[in-house]
Amino acid sequence: MSKDSRRPRKSAGKPSVRKERDIDGGLPTREQILEFVRRAPAKVGKREIARAFGVKGGDRIALKQLLAEMADEGLLTDSKKAIRQPGHLPPVAVLEVCARDGDGDLVAEPVVWDDEEGPRPRVLILPTHRADTEDTANIGIGDRVLARIEALAEADVEGYRFEAEPIRKLPRDQRRLLGIFRAHPKGGGSIEPIDRKALRSWSIQKSDQGDASDGDLVRFDLAKRGRFAVPQARILEVLGNPDDQRQISLIAIHAHGLPDGFPESVLLESESLPAPKLQGREDLRDIPLLTIDPADARDHDDAVYAEPDTSPGNEGGFVVLVAIADVAHYVRPGSRLDREARVRGNSVYFPDRVVPMLPERISNDLCSLREGEDRPCLVARMVFDKRGEKRSQKFFRAMMRSAAKLSYQEAQAAFDGDPGEKAAPLMEPALLPLWTAYQALAAARDRRGPLDLDLPEKKIKLDKEGRVERVVVPERLAAHRLIEEFMIQANVAAAEALEARKSPVVYRAHAAPSKEKLKSLREFLETLDLKLPADASLKPADFNRVLERAKDLPVPELVNEVVLRSQAQAEYAIENYGHFGLHLSRYAHFTSPIRRYADLLVHRSLVRALQLGEGGLADEETPRLAETAKMISEAERRAMAAERETIDRLIASHLADRVGASFNGRIAGVTRSGLFVKLDDTGADGFVPVSSLISDFYNHIEEAHALLGARSNAAYRLGMNVEVRLVEAIPSAGALRFEMLTPPEKGALGPVKGGKRLNVRRIRPQHGRRR
């Protein structure tokens, strides 16, 4: 049933508000006043009503009496600030998106509402493509929008009394007011913060507690009950209990407005998708394509194969097949699945759950390249010479059957000559040719000189209760690099194929570092006697030479981190400005359409450009590709922030019962306000306030990334190994506060000049504290 058919519209004709008085000085009718109040774009008081209807002199007393009667009859709400019709919204209002209904449509509530009129009404956000309105796909839960409101003649079958068309999304200056409710024994309680940048608690009276229980994640607002009163929190909605659900990621999901569950209509559509046919596809089911993934991977969207090239003129060369799940066959433009995937932008991976871009029916079943099962795929066939240089490429649709699902560890053991039971039969037909091809590709990569950062990534292992069991650093294997290089080559081939046919491309673009960041990086490197060449000729290989020289220093990992911070952030764009980090002139994402919408768009563009059948890029998609690229770039940044914050909360929860314990770590950041310290064993980040460094007054030496004692000339500098004591842990916010136990290093910076003096308050030493 269409939205138009299921929702009763208001009667046609928009009554105009007129300055209307009877000749003998009569007042406006009740109906005229109600229509004026209903249509007024701003707050309305007695003065505005009198002015609108030309009521003057003694008639003002009669008007005041009429308005009082209408208020007594419940027709109007008469407060000190404004007169309104009870339960109604103005034609234009600010709404906060709070949910999505069963059809996947956004639902909002008015930001301004008088609770004496009852619960806040739910407003349906309608999709629109008007030129003066904003695409609703760019609006998510937690966003505030300025919208046109239309009242329905009667509530529709789903209970909506209002519909809204967004005019624009308002800046998200602050996050939604979310927190963890902590109950008091006598009722009421307090709200713990979830934002480490705003570590303030709010009291809750028993009457404002609602249905919240201890430990619940809640949405709340702040209200003053008097001109000079302290704001009081009031719980608006209970969002779940992260502790009971053993899913602390629930906090980040709601804080960032991540779409979690799928609307029922999307799930229903995923259950009735067309089965793929072999007709129009190449049959690769006898080719031993392999999926090589992490041991705990549930979805497998890429498979690889290599063989020697028998073509004349390419002696020692080889053919590589990269087969990617054909998501475009199932997720068609404009479908409910497509709209949902565009809103999500990408899958989000937390230690305790995954928020997928597509329903499990697709991601873990229909499009997962399972071992021994027939699956549709889009294949990049690439021919390389013996030096690893690509000679040709071709894309086609096919039907494949994975010969084996191998973990990276299983593949590496095979490459090292010790194959397991599953890998042994595949050595000659599949694994050895893959390894030979990789050797040539790796040599070509080294000649290309992409940025080669060495930053081991820590991974959290959870126990059955959802608590941190241990933090590990997975070994970086050659098998990882093999798959990574094959995927990069397929991504480059996709961008080249689309450019050659002048077809739309959503590039994965990465700009060179900005001059400002390079200036700061050079100043830091100079303190270590390391240098970068001039900006104009800077290439990734120049950074690699610095990183190589840093291996002989006491702080090689620090140099890697600072170089990483100097880099721009990669993004999706329809303009190509290359990929600096990979040192490539063109690059697109093609290899992960199950979890990235950008890859699905590239698949569709290839299908259309190469006339590979149904599911190609639709005409209406092309004009909005720039907007889509911006939207999915924002979704990626949102996902990264949510993942990082969840890890911080898990680690803070893990360390909460170790307050008072000492830890070894390294200074990972230096600011005017204090030091950020990263612990060695868990990788947790915590803060040492400068006010707690009580042995001296400290100057912030920005170019040296250090705090320098004004009297002692001793410094705390970036990368310095230190010992700290845990003073406070706030798991809900992922915040840790440390006390510094290691004294500053004397003469660490030499004769530094020109440091900017900090206005730091001298703190009297406390009994028992180390200085």
# chains A, B, ... in the order shown; residues from 1 in each chain; ligands from 1
$ select_by_dssp --residues "region 132-319 of chain A" --states "strand (DSSP E or B)" --output "PyMOL selection string"
chain A and resi 144-151+162-169+178-183+189-193+202-204+217-223+232-240+282-283+290-293+302-308+318-319
$ residues_around --residues "region 619-630 of chain A" --least-positions-apart "5" --cutoff "6 Å" --atoms "only C-alpha atoms" --output "list in words"
Tyr572, Ala573 and Ile574 of chain A
$ residues_around --residues "Lys517 (chain A)" --least-positions-apart "3" --cutoff "12 Å" --atoms "only C-alpha atoms" --output "list of chain:residue names"
A:Ala512, A:Pro513, A:Ser514, A:Ser520, A:Leu521, A:Arg522, A:Glu523, A:Phe524, A:Asp535, A:Val562, A:Val563, A:Leu564, A:Arg565, A:Ser566, A:Gln567, A:Ala568, A:Glu703
$ residues_around --residues "Ile139 (chain A)" --least-positions-apart "4" --cutoff "12 Å" --atoms "only C-alpha atoms" --output "ChimeraX atom specification"
/A:95-100,105-108,125-127,133-135,143-146,165-172,256-259,342-344,631-632,634-635
$ write_last_selection --atoms "N, CA, C and O atoms" --output "compact mmCIF listing (two decimals), in the first residue's frame"
# COMPACT_ATOMS: atom_id res chain seq x y z
N LEU A 95 12.43 19.40 14.47
CA LEU A 95 12.14 18.03 14.90
C LEU A 95 13.44 17.29 15.18
O LEU A 95 14.46 17.56 14.54
N GLU A 96 13.37 16.35 16.12
CA GLU A 96 14.51 15.46 16.35
C GLU A 96 14.11 14.06 15.92
O GLU A 96 13.10 13.51 16.39
N VAL A 97 14.90 13.48 15.00
CA VAL A 97 14.61 12.13 14.51
C VAL A 97 14.93 11.14 15.62
O VAL A 97 16.04 11.13 16.16
N CYS A 98 13.96 10.31 15.98
CA CYS A 98 14.13 9.42 17.13
C CYS A 98 13.99 7.95 16.80
O CYS A 98 14.35 7.09 17.62
N ALA A 99 13.46 7.60 15.64
CA ALA A 99 13.24 6.18 15.35
C ALA A 99 12.97 5.99 13.86
O ALA A 99 12.95 6.95 13.09
N ARG A 100 12.77 4.73 13.48
CA ARG A 100 12.34 4.39 12.14
C ARG A 100 11.20 3.39 12.27
O ARG A 100 11.21 2.52 13.15
N ASP A 105 10.84 4.19 7.31
CA ASP A 105 10.73 5.66 7.27
C ASP A 105 11.13 6.26 8.61
O ASP A 105 10.94 5.66 9.68
N LEU A 106 11.68 7.46 8.55
CA LEU A 106 12.12 8.14 9.76
C LEU A 106 10.94 8.71 10.53
O LEU A 106 9.97 9.20 9.94
N VAL A 107 11.03 8.65 11.84
CA VAL A 107 10.00 9.18 12.74
C VAL A 107 10.67 10.19 13.66
O VAL A 107 11.77 9.95 14.17
N ALA A 108 10.01 11.34 13.86
CA ALA A 108 10.60 12.40 14.66
C ALA A 108 9.62 12.91 15.72
O ALA A 108 8.42 12.60 15.67
N ILE A 125 8.50 11.48 8.81
CA ILE A 125 9.33 12.22 7.85
C ILE A 125 9.13 11.60 6.48
O ILE A 125 9.44 10.43 6.25
N LEU A 126 8.60 12.39 5.55
CA LEU A 126 8.32 11.87 4.21
C LEU A 126 9.54 12.01 3.31
O LEU A 126 10.21 13.05 3.32
N PRO A 127 9.86 10.99 2.51
CA PRO A 127 10.91 11.14 1.50
C PRO A 127 10.49 12.21 0.50
O PRO A 127 9.31 12.31 0.14
N THR A 133 14.35 21.19 -0.62
CA THR A 133 14.37 20.36 0.57
C THR A 133 15.57 19.43 0.52
O THR A 133 16.24 19.30 -0.50
N GLU A 134 15.82 18.76 1.63
CA GLU A 134 17.00 17.92 1.74
C GLU A 134 16.64 16.45 1.57
O GLU A 134 15.61 16.00 2.03
N ASP A 135 17.52 15.72 0.92
CA ASP A 135 17.31 14.29 0.75
C ASP A 135 17.30 13.62 2.12
O ASP A 135 18.23 13.74 2.90
N ASP A 143 19.52 13.19 14.52
CA ASP A 143 19.65 14.47 13.82
C ASP A 143 18.44 15.35 14.10
O ASP A 143 17.34 14.87 14.37
N ARG A 144 18.67 16.65 14.03
CA ARG A 144 17.58 17.62 14.13
C ARG A 144 17.39 18.28 12.77
O ARG A 144 18.36 18.60 12.08
N VAL A 145 16.12 18.45 12.39
CA VAL A 145 15.81 19.02 11.09
C VAL A 145 14.79 20.13 11.24
O VAL A 145 13.92 20.09 12.12
N LEU A 146 14.93 21.12 10.40
CA LEU A 146 13.88 22.13 10.25
C LEU A 146 12.95 21.60 9.17
O LEU A 146 13.38 21.24 8.08
N GLU A 165 8.06 17.44 5.84
CA GLU A 165 9.06 17.47 4.78
C GLU A 165 10.27 18.24 5.29
O GLU A 165 10.15 19.41 5.66
N PRO A 166 11.44 17.60 5.34
CA PRO A 166 12.64 18.31 5.83
C PRO A 166 13.01 19.46 4.90
O PRO A 166 13.00 19.31 3.67
N ILE A 167 13.30 20.59 5.49
CA ILE A 167 13.85 21.73 4.73
C ILE A 167 15.37 21.64 4.73
O ILE A 167 16.01 21.77 3.69
N ARG A 168 15.94 21.40 5.90
CA ARG A 168 17.38 21.18 5.99
C ARG A 168 17.72 20.52 7.32
O ARG A 168 16.98 20.62 8.29
N LYS A 169 18.84 19.83 7.32
CA LYS A 169 19.35 19.24 8.56
C LYS A 169 20.13 20.31 9.31
O LYS A 169 20.96 21.01 8.73
N LEU A 170 19.88 20.42 10.60
CA LEU A 170 20.55 21.42 11.41
C LEU A 170 21.91 20.88 11.86
O LEU A 170 22.09 19.67 12.00
N PRO A 171 22.88 21.77 12.09
CA PRO A 171 24.21 21.31 12.52
C PRO A 171 24.11 20.49 13.79
O PRO A 171 23.37 20.85 14.72
N ARG A 172 24.86 19.41 13.82
CA ARG A 172 24.84 18.55 15.01
C ARG A 172 25.92 19.03 15.96
O ARG A 172 26.97 18.42 16.13
N HIS A 256 25.57 7.67 18.16
CA HIS A 256 25.87 8.09 16.79
C HIS A 256 24.70 7.87 15.84
O HIS A 256 24.84 8.10 14.63
N GLY A 257 23.57 7.44 16.36
CA GLY A 257 22.40 7.26 15.52
C GLY A 257 22.57 6.19 14.47
O GLY A 257 22.05 6.30 13.35
N LEU A 258 23.29 5.12 14.80
CA LEU A 258 23.49 4.03 13.83
C LEU A 258 22.20 3.23 13.67
O LEU A 258 21.59 2.84 14.66
N PRO A 259 21.78 2.98 12.44
CA PRO A 259 20.61 2.12 12.25
C PRO A 259 20.95 0.70 12.67
O PRO A 259 21.86 0.09 12.13
N ARG A 342 21.96 2.38 1.52
CA ARG A 342 22.48 3.74 1.31
C ARG A 342 22.47 4.54 2.61
O ARG A 342 23.40 5.31 2.89
N VAL A 343 21.44 4.37 3.40
CA VAL A 343 21.37 5.05 4.70
C VAL A 343 22.51 4.60 5.59
O VAL A 343 23.16 5.40 6.26
N ARG A 344 22.78 3.30 5.61
CA ARG A 344 23.80 2.75 6.50
C ARG A 344 25.22 3.05 6.00
O ARG A 344 26.11 3.32 6.79
N MET A 631 27.81 11.35 1.67
CA MET A 631 27.04 10.71 2.71
C MET A 631 27.73 9.45 3.23
O MET A 631 27.83 9.23 4.45
N ILE A 632 28.25 8.62 2.33
CA ILE A 632 28.90 7.39 2.79
C ILE A 632 30.27 7.68 3.40
O ILE A 632 30.74 6.89 4.24
N GLU A 634 30.75 10.27 5.36
CA GLU A 634 30.34 10.62 6.72
C GLU A 634 29.97 9.37 7.50
O GLU A 634 30.28 9.26 8.69
N ALA A 635 29.30 8.43 6.85
CA ALA A 635 28.93 7.18 7.52
C ALA A 635 30.17 6.40 7.95
O ALA A 635 30.20 5.79 9.03
$ residues_around --residues "Lys64 (chain A)" --least-positions-apart "3" --cutoff "12 Å" --atoms "only C-alpha atoms" --output "ChimeraX atom specification"
/A:27-28,45-47,49-50,55-61,67-71,78,83
$ residues_around --residues "Arg501 (chain A)" --least-positions-apart "2" --cutoff "10 Å" --atoms "only C-alpha atoms" --output "list in words"
Glu496, Ala497, Leu498, Glu499, Ser503, Pro504, Leu606, Ala609 and Leu610 of chain A
$ write_last_selection --atoms "N, CA and C atoms" --output "mmCIF file, in the first residue's frame"
data_model
loop_
_atom_site.group_PDB
_atom_site.id
_atom_site.type_symbol
_atom_site.label_atom_id
_atom_site.label_comp_id
_atom_site.auth_asym_id
_atom_site.auth_seq_id
_atom_site.Cartn_x
_atom_site.Cartn_y
_atom_site.Cartn_z
ATOM 1 N N GLU A 496 39.977 1.944 -13.638
ATOM 2 C CA GLU A 496 40.473 2.108 -15.005
ATOM 3 C C GLU A 496 39.422 1.707 -16.030
ATOM 4 N N ALA A 497 38.725 0.597 -15.765
ATOM 5 C CA ALA A 497 37.712 0.124 -16.716
ATOM 6 C C ALA A 497 36.586 1.137 -16.863
ATOM 7 N N LEU A 498 36.166 1.744 -15.772
ATOM 8 C CA LEU A 498 35.083 2.725 -15.837
ATOM 9 C C LEU A 498 35.541 4.022 -16.496
ATOM 10 N N GLU A 499 36.751 4.447 -16.181
ATOM 11 C CA GLU A 499 37.278 5.660 -16.827
ATOM 12 C C GLU A 499 37.381 5.454 -18.337
ATOM 13 N N SER A 503 32.410 6.206 -17.794
ATOM 14 C CA SER A 503 31.270 5.891 -16.935
ATOM 15 C C SER A 503 31.483 6.490 -15.547
ATOM 16 N N PRO A 504 30.400 6.707 -14.809
ATOM 17 C CA PRO A 504 30.533 7.305 -13.470
ATOM 18 C C PRO A 504 31.374 6.422 -12.544
ATOM 19 N N LEU A 606 29.882 -0.799 -13.409
ATOM 20 C CA LEU A 606 30.515 -1.766 -14.310
ATOM 21 C C LEU A 606 29.472 -2.573 -15.072
ATOM 22 N N ALA A 609 28.072 -0.199 -17.722
ATOM 23 C CA ALA A 609 29.045 0.192 -18.750
ATOM 24 C C ALA A 609 29.406 -0.970 -19.657
ATOM 25 N N LEU A 610 29.494 -2.172 -19.093
ATOM 26 C CA LEU A 610 29.916 -3.340 -19.867
ATOM 27 C C LEU A 610 28.743 -4.172 -20.362
#
$ residues_around --residues "Glu728 (chain A)" --least-positions-apart "4" --cutoff "10 Å" --atoms "only C-alpha atoms" --output "number ranges by chain"
A: 652, 655-660, 686, 735-739
$ atom_distance --atom1 "CA of Met487 (chain A)" --atom2 "CA of Ala404 (chain A)"
18.5 Å
$ select_by_dssp --residues "region 353-405 of chain A" --states "helix (DSSP H, G or I)" --output "list in words"
Glu360, Arg361, Ile362, Ser363, Asn364, Asp365 and Leu366 of chain A
$ write_last_selection --atoms "N, CA and C atoms" --output "mmCIF file, in the first residue's frame"
data_model
loop_
_atom_site.group_PDB
_atom_site.id
_atom_site.type_symbol
_atom_site.label_atom_id
_atom_site.label_comp_id
_atom_site.auth_asym_id
_atom_site.auth_seq_id
_atom_site.Cartn_x
_atom_site.Cartn_y
_atom_site.Cartn_z
ATOM 1 N N GLU A 360 21.189 -10.354 7.146
ATOM 2 C CA GLU A 360 21.975 -11.587 7.156
ATOM 3 C C GLU A 360 21.599 -12.530 6.020
ATOM 4 N N ARG A 361 20.367 -12.487 5.582
ATOM 5 C CA ARG A 361 19.941 -13.334 4.479
ATOM 6 C C ARG A 361 20.832 -13.107 3.263
ATOM 7 N N ILE A 362 21.293 -11.876 3.083
ATOM 8 C CA ILE A 362 22.173 -11.554 1.957
ATOM 9 C C ILE A 362 23.641 -11.695 2.360
ATOM 10 N N SER A 363 24.032 -11.021 3.457
ATOM 11 C CA SER A 363 25.449 -10.944 3.810
ATOM 12 C C SER A 363 26.039 -12.278 4.227
ATOM 13 N N ASN A 364 25.268 -13.106 4.931
ATOM 14 C CA ASN A 364 25.807 -14.370 5.421
ATOM 15 C C ASN A 364 25.313 -15.592 4.652
ATOM 16 N N ASP A 365 24.456 -15.352 3.655
ATOM 17 C CA ASP A 365 23.892 -16.492 2.929
ATOM 18 C C ASP A 365 24.026 -16.302 1.419
ATOM 19 N N LEU A 366 23.099 -15.560 0.817
ATOM 20 C CA LEU A 366 23.035 -15.484 -0.643
ATOM 21 C C LEU A 366 24.314 -14.956 -1.275
#
$ atom_distance --atom1 "CA of Met357 (chain A)" --atom2 "CA of Ala341 (chain A)"
5.4 Å
$ closest_residue --among "A:Ala490, A:Met427, A:Leu455, A:Ala414" --to "Ala323 (chain A)" --atoms "only C-alpha atoms"
A:Ala490
$ atom_distance --atom1 "CA of Val677 (chain A)" --atom2 "CA of Asp352 (chain A)"
25.4 Å
